[in-house]
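Visitor: Have a peek at structure39.txt (compact mmCIF, C-alpha atoms).
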# COMPACT_ATOMS: atom_id res chain seq x y z
CA MET A 26 6.13 -17.21 -43.39
CA GLU A 27 4.53 -19.05 -40.48
CA THR A 28 6.96 -17.44 -38.00
CA ILE A 29 5.60 -14.03 -38.95
CA LEU A 30 1.95 -15.05 -38.70
CA VAL A 31 2.17 -16.53 -35.18
CA PRO A 32 2.94 -13.25 -33.34
CA ILE A 33 0.34 -11.45 -35.43
CA ALA A 34 -2.29 -14.08 -34.60
CA VAL A 35 -1.42 -13.93 -30.91
CA ALA A 36 -1.72 -10.13 -30.91
CA VAL A 37 -5.04 -10.23 -32.75
CA ILE A 38 -6.49 -12.80 -30.33
CA SER A 39 -5.02 -11.58 -27.04
CA GLY A 40 -5.25 -7.82 -27.72
CA PRO A 41 -9.04 -7.51 -27.36
CA ILE A 42 -9.03 -9.89 -24.39
CA VAL A 43 -6.52 -7.68 -22.57
CA VAL A 44 -8.59 -4.57 -23.32
CA ILE A 45 -11.75 -6.22 -21.97
CA LEU A 46 -9.99 -7.42 -18.82
CA GLN A 47 -8.58 -3.94 -18.16
CA ARG A 48 -12.04 -2.42 -18.42
CA LEU A 49 -13.54 -5.03 -16.08
CA ARG A 50 -10.81 -4.48 -13.50
CA LYS A 51 -12.13 -2.42 -10.64
CA GLU A 52 -9.94 -0.46 -8.32
CA ASN A 53 -11.50 1.43 -5.51
CA SER A 54 -9.23 4.45 -5.21
CA GLN A 55 -11.38 5.96 -2.46
CA GLN A 56 -10.81 2.94 -0.22
CA HIS A 57 -7.10 3.01 -1.02
CA ALA A 58 -6.95 6.68 -0.01
CA GLU A 59 -8.78 5.94 3.25
CA GLY A 60 -6.35 3.11 3.96
CA ARG A 61 -3.39 5.43 3.47
CA VAL A 62 -4.89 7.95 5.91
CA LEU A 63 -5.46 5.23 8.50
CA LEU A 64 -1.90 3.94 8.12
CA ARG A 65 -0.57 7.47 8.53
CA ASN A 66 -2.60 7.87 11.75
CA VAL A 67 -1.27 4.58 13.09
CA ALA A 68 2.29 5.61 12.32
CA HIS A 69 1.78 8.92 14.12
CA LYS A 70 0.40 7.14 17.21
CA VAL A 71 3.30 4.69 17.23
CA ASP A 72 5.74 7.61 17.10
CA LYS A 73 3.96 9.22 20.07
CA ILE A 74 4.20 6.00 22.06
CA GLY A 75 7.90 5.76 21.27
CA THR A 76 8.43 9.30 22.59
CA LYS A 77 6.49 8.54 25.77
CA LEU A 78 8.53 5.38 26.35
CA ASP A 79 11.78 7.29 25.90
CA GLU A 80 10.63 9.88 28.45
CA HIS A 81 9.53 7.18 30.89
CA ILE A 82 12.82 5.30 30.60
CA GLY A 83 14.62 8.61 31.23
CA TRP A 84 12.49 9.11 34.33
CA HIS A 85 13.55 5.69 35.62
CA LYS A 86 17.22 6.45 34.99
CA GLY A 87 16.93 9.74 36.90
CA LYS A 88 15.16 8.01 39.80
CA ASP A 89 17.95 5.45 40.24
CA GLU A 90 20.63 8.11 40.72
Written as structure tokens, that's how I'd like the structure from this file.
Guide:
Amino acid sequence: METILVPIAVAVISGPIVVILQRLRKENSQQHAEGRVLLRNVAHKVDKIGTKLDEHIGWHKGKDE
């Protein structure tokens, strides 16, 4: 009988605690969205730099010939 009561007691005690902690948890979705936009901009700029480097290296190869 005790083996049945232990999981029930744990659920009764920890259930409300989990609910309270979930409500107190704050996520700032606006800041997360802004962070994603900034990361996307950085990735775009890195891609542009990569293209410019490829063109510049090609220029050097053409100059040597």
Visitor: Which value, in Å to one decimal, gives the distance between atom CA of Val35 of chain A and atom CA of Gln47 of chain A?
Guide: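 Calculated distance between atom CA of Val35 of chain A and atom CA of Gln47 of chain A is 17.7 Å.
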Visitor: Using the file's own x, y and z axes, so that the box edges lie along x, y and z, what centre and edge lengths in Å (one decimal) does a box around every listed atom of segment 38-55 of chain A get when 4 Å is added on each side? Give it as JSON.
Guide:
{"center_x": -9.3, "center_y": -3.4, "center_z": -16.4, "size_x": 16.5, "size_y": 26.8, "size_z": 35.9}
Visitor: Please indicate the distance in Å from atom CA of Arg50 of chain A to atom CA of Ile33 of chain A, rounded to one decimal place.
Guide: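 Value for the atom CA of Arg50 of chain A-atom CA of Ile33 of chain A distance: 25.6 Å.
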Visitor: What is the atom CA of Pro41 of chain A-atom CA of Ser54 of chain A distance in Å, reported with one decimal?
Guide: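 One can read the atom CA of Pro41 of chain A to atom CA of Ser54 of chain A distance as 25.2 Å.
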